[in-house]
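Here the structure comes first, spelled out in structure tokens, and everything after it is commentary.
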Amino acid sequence: MARARKVIRTKNIYKKSRSKGGRVFRGLLYLFLILALVGFGFIFSREWSIRFGPDAPKPSSDLSPSSLPQEEPSSDPEESVSSQEEPPPAEPFGRVRKLSEEELRLTGEALEAKMGAIRAEGAEIVLFELKTEEGFLLYDTANEKAQVYGAIDSQPAALDPLVAAAREAGLKTAAQVSALKDPKAAHLRNRNSFAFGNQTNTNWMDNSKDQGGKPWLNPYMENTRAYLSELAAELHSRGMDIILLTNLNFPTKNTKDMNPINPFTSQEEILRQTLAEIQEAAGETQVLNCIDLAEQATLFEGDAAAFFQSLEGADYGALISLDSIRERRTKLLPKLRGGVETALDPLEIAGELLDGTGENAVLILRGSDTEALEELLDARGYDSYLVI
């Protein structure tokens with residue numbers, strides 16, 4: 001039988017034939033991979049040498065925070081301040097000169113000379129008392145309520161020439177206005193005063209008649225707030241830069257049977273509402289509420305610290321009155337010292353009241369107190385205050 005022939009197969013019979021172009025592509029790809037590996041190795045070895053080689057920087061344990069790498073801030077505060085226009089600093093209140101009633105009625109050259117002299121004295125603001133504690137308006141107001149109340153002075157000052165002369169002399173103008181202490185306008189018939197108990201036809205007074213008691217305007221009543229707001233709007237329109245309100249508070253005597261008209265709104269709330277309405281009516285004219293610190297700190301339910309805290313954030317005039325301090329010294333000391341009896345004299349008490357006032361307070365003094373308080377004010381750096 002014939003022997004079977006052996007067939008030898010090679011690997012090439014199982015592979016597809018490859019073109020010349022395919023071999024060239026594979027060669028280029030191989031060369032590219034080789035070059036990439038060489039490049040990566042070079043970069044890696046260089047970074048390794050920089051960070052961990054013999055010339056690498058040595059770590060130090062005494063690096064200050066400023067020498068450590070810091071995250072780049074989004075904006076440099078110093079650059080922001082220097083690159084942006086800074087807001088103008090708040091203007092100090094300035095020295096104030098109050099005119100007497102006789103000076104309010106000056107006219108012509110005498111008025112111009114007076115304003116020039118006031119400016120030469122170093123004053124920056126001239127103060128006109130335009131509504132007195134007796135309720136009289138000392139200027140030529142056009143307010144209809146004042147005419148009905150008979151509240152216009154028999155010889156009212158011409159306000160416009162006063163303002164013009166002040167402006168010509170480079171002075172700002174301020175109006176002093178007694179707010180709620182106003183026996184001239186306050187009366188039940190005017191629907192702006194208190195009722196006493198349940199006797200709605202009896203005019204309320206802040207003390208017995210034989211002790212000189214007088215009626216006050218009642219801020220709970222709309223006619224009261226409207227009257228004060230109308231006056232503020234008029235003073236703004238006639239050139240007042242500042243309105244200084246005094247007696248924007250409830251009286252301190254004979255209040256047991258006072259009918260508050262609105263039992264759902266506290267006295268503090270209605271006073272804030274009254275002040276807000278006056279300021280809104282006054283527009284750009286600044287309204288300052290003058291607070292007798294000794295009186296109001298004594299009346300406040302908490303201690304003096306809580307009293308001053310309640311005033312934070314509000315612009316107000318801080319009145320330091322030595323007479324008021326003397327009158328209330330016995331009741332005021334526990335407020336200041338927590339009930340501990342001390343031998344503080346009125347000047348020392350004035351100093352503690354001064355220390356409690358905040359940055360928003362404008363210091364106000366009685367004219368008779370300025371000399372006695374001068375050393376106290378100098379020691380605390382006060383060089384600007386208003387004298388009434």
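Numbering starts fresh at 1 for the residues of each chain in the structure tokens, the chains themselves are lettered A, B, ... in the order given, and ligands are numbered from 1 as they appear.
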
>> Excluding stretch 366-373 of chain A and its own-chain neighbours fewer than 5 positions away, which residues fall within 9 Å of it when counting only C-alpha atoms? Please give them as a ChimeraX atom specification.
In response: /A:319-323,347,350,378,386-388

> Leaving out A:Gln273 and any residue of its chain fewer than 3 positions from it, which residues lie within 12 Å of it when counting only C-alpha atoms, given as a list in words?
Replying inline: Pro219, Tyr220, Met221, Glu222, Thr224, Arg225, Ala226, Ser229, Leu248, Thr265, Ser266, Gln267, Glu268, Glu269, Ile270, Ala276, Glu277, Ile278, Gln279 and Glu280 of chain A

>> So that I can see what lies close to A:Asn247, please list as JSON, numbers by chain the residues with an atom at most 10 Å from it, counting only C-alpha atoms and leaving out residues fewer than 4 positions away in the same chain.
In response: {"A": [133, 177, 178, 179, 180, 181, 182, 216, 251, 289, 290, 291, 292]}

Write out, as a short mmCIF file (atom, residue, chain, number, x, y, z; two decimals), in the first residue's frame, the residues just selected, with C-alpha atoms.
data_model
loop_
_atom_site.label_atom_id
_atom_site.label_comp_id
_atom_site.auth_asym_id
_atom_site.auth_seq_id
_atom_site.Cartn_x
_atom_site.Cartn_y
_atom_site.Cartn_z
CA GLU A 133 -42.36 124.95 75.44
CA VAL A 177 -39.11 122.62 68.25
CA SER A 178 -40.84 121.59 71.47
CA ALA A 179 -42.88 118.60 70.35
CA LEU A 180 -45.45 117.33 72.87
CA LYS A 181 -44.98 119.89 75.64
CA ASP A 182 -47.37 122.44 74.18
CA TRP A 216 -49.62 118.14 76.68
CA PRO A 251 -44.86 113.79 80.94
CA ASN A 289 -34.78 113.74 69.02
CA CYS A 290 -33.31 115.50 72.04
CA ILE A 291 -33.37 113.14 75.04
CA ASP A 292 -32.79 114.32 78.60
#

> Using only C-alpha atoms, which residues sit within 12 Å of A:Lys214 once same-chain residues fewer than 2 positions away are excluded, as number ranges by chain?
Replying inline: A: 133-135, 180-187, 193-194, 203-212, 216-217, 251, 253-254

> Excluding same-chain residues fewer than 6 positions from A:Glu348, what lies within 12 Å of it counting only C-alpha atoms, as a VMD selection string?
Replying inline: chain A and resid 320 322 325 to 326 329 333 336 342 354 to 355 372 to 373 375 to 377

Can you spit out the residues from that selection as a short mmCIF file (atom, residue, chain, number, x, y, z; two decimals), in the first residue's frame, using N, CA, C and O atoms?
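The result, stored in part_30.cif:
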data_model
loop_
_atom_site.label_atom_id
_atom_site.label_comp_id
_atom_site.auth_asym_id
_atom_site.auth_seq_id
_atom_site.Cartn_x
_atom_site.Cartn_y
_atom_site.Cartn_z
N ILE A 320 -27.33 116.61 78.31
CA ILE A 320 -26.75 116.50 79.65
C ILE A 320 -27.12 117.77 80.40
O ILE A 320 -26.64 118.87 80.08
N LEU A 322 -27.32 119.46 84.16
CA LEU A 322 -26.94 119.33 85.57
C LEU A 322 -28.15 119.52 86.48
O LEU A 322 -28.26 118.87 87.52
N ILE A 325 -29.98 116.30 86.50
CA ILE A 325 -29.23 115.31 87.28
C ILE A 325 -29.45 115.55 88.77
O ILE A 325 -29.69 114.60 89.54
N ARG A 326 -29.37 116.79 89.21
CA ARG A 326 -29.55 117.10 90.63
C ARG A 326 -30.96 116.72 91.08
O ARG A 326 -31.15 116.17 92.17
N ARG A 329 -31.09 112.73 91.16
CA ARG A 329 -29.89 112.04 91.61
C ARG A 329 -30.21 110.79 92.43
O ARG A 329 -29.63 109.71 92.21
N LEU A 333 -28.94 107.19 90.67
CA LEU A 333 -27.76 106.44 91.11
C LEU A 333 -27.95 104.92 91.07
O LEU A 333 -27.06 104.21 90.59
N LEU A 336 -27.39 103.63 87.66
CA LEU A 336 -26.01 103.65 87.21
C LEU A 336 -25.15 102.62 87.92
O LEU A 336 -24.26 102.01 87.32
N THR A 342 -23.68 105.50 96.38
CA THR A 342 -22.36 106.10 96.19
C THR A 342 -22.45 107.58 96.47
O THR A 342 -23.53 108.14 96.64
N LEU A 354 -22.30 110.54 79.92
CA LEU A 354 -21.55 110.77 78.68
C LEU A 354 -20.93 109.49 78.16
O LEU A 354 -20.95 109.22 76.95
N ASP A 355 -20.39 108.69 79.06
CA ASP A 355 -19.74 107.44 78.65
C ASP A 355 -20.74 106.45 78.05
O ASP A 355 -20.34 105.55 77.30
N ALA A 372 -19.22 124.63 83.57
CA ALA A 372 -19.02 123.60 84.58
C ALA A 372 -18.60 122.27 83.95
O ALA A 372 -17.86 121.49 84.56
N LEU A 373 -19.06 122.01 82.73
CA LEU A 373 -18.78 120.72 82.07
C LEU A 373 -17.55 120.76 81.17
O LEU A 373 -17.17 119.73 80.61
N GLU A 375 -14.24 120.96 81.55
CA GLU A 375 -13.12 120.04 81.85
C GLU A 375 -13.53 118.59 81.56
O GLU A 375 -12.75 117.79 81.03
N LEU A 376 -14.75 118.26 81.90
CA LEU A 376 -15.27 116.91 81.67
C LEU A 376 -15.30 116.58 80.17
O LEU A 376 -14.91 115.49 79.76
N LEU A 377 -15.73 117.54 79.39
CA LEU A 377 -15.80 117.33 77.94
C LEU A 377 -14.41 117.23 77.32
O LEU A 377 -14.18 116.39 76.45
#

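Between A:Ile349 and the residues A:Pro156, A:Gly197, A:Gly122, A:Pro334, the shortest atom-to-atom distance, using only C-alpha atoms, involves A:Pro334.
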
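Nearest to A:Thr274 of all the residues A:Glu103, A:Ala195, A:Asp315, A:Asn218 is A:Asn218, counting only C-alpha atoms.
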
> A:Ile242: which residues within 9 Å, counting only C-alpha atoms, same-chain residues fewer than 3 positions away excluded, as a list in words?
Replying inline: Leu127, Lys172, Thr173, Ala174, Ala175, Gln176, His236, Thr285, Gln286, Val287 and Leu288 of chain A
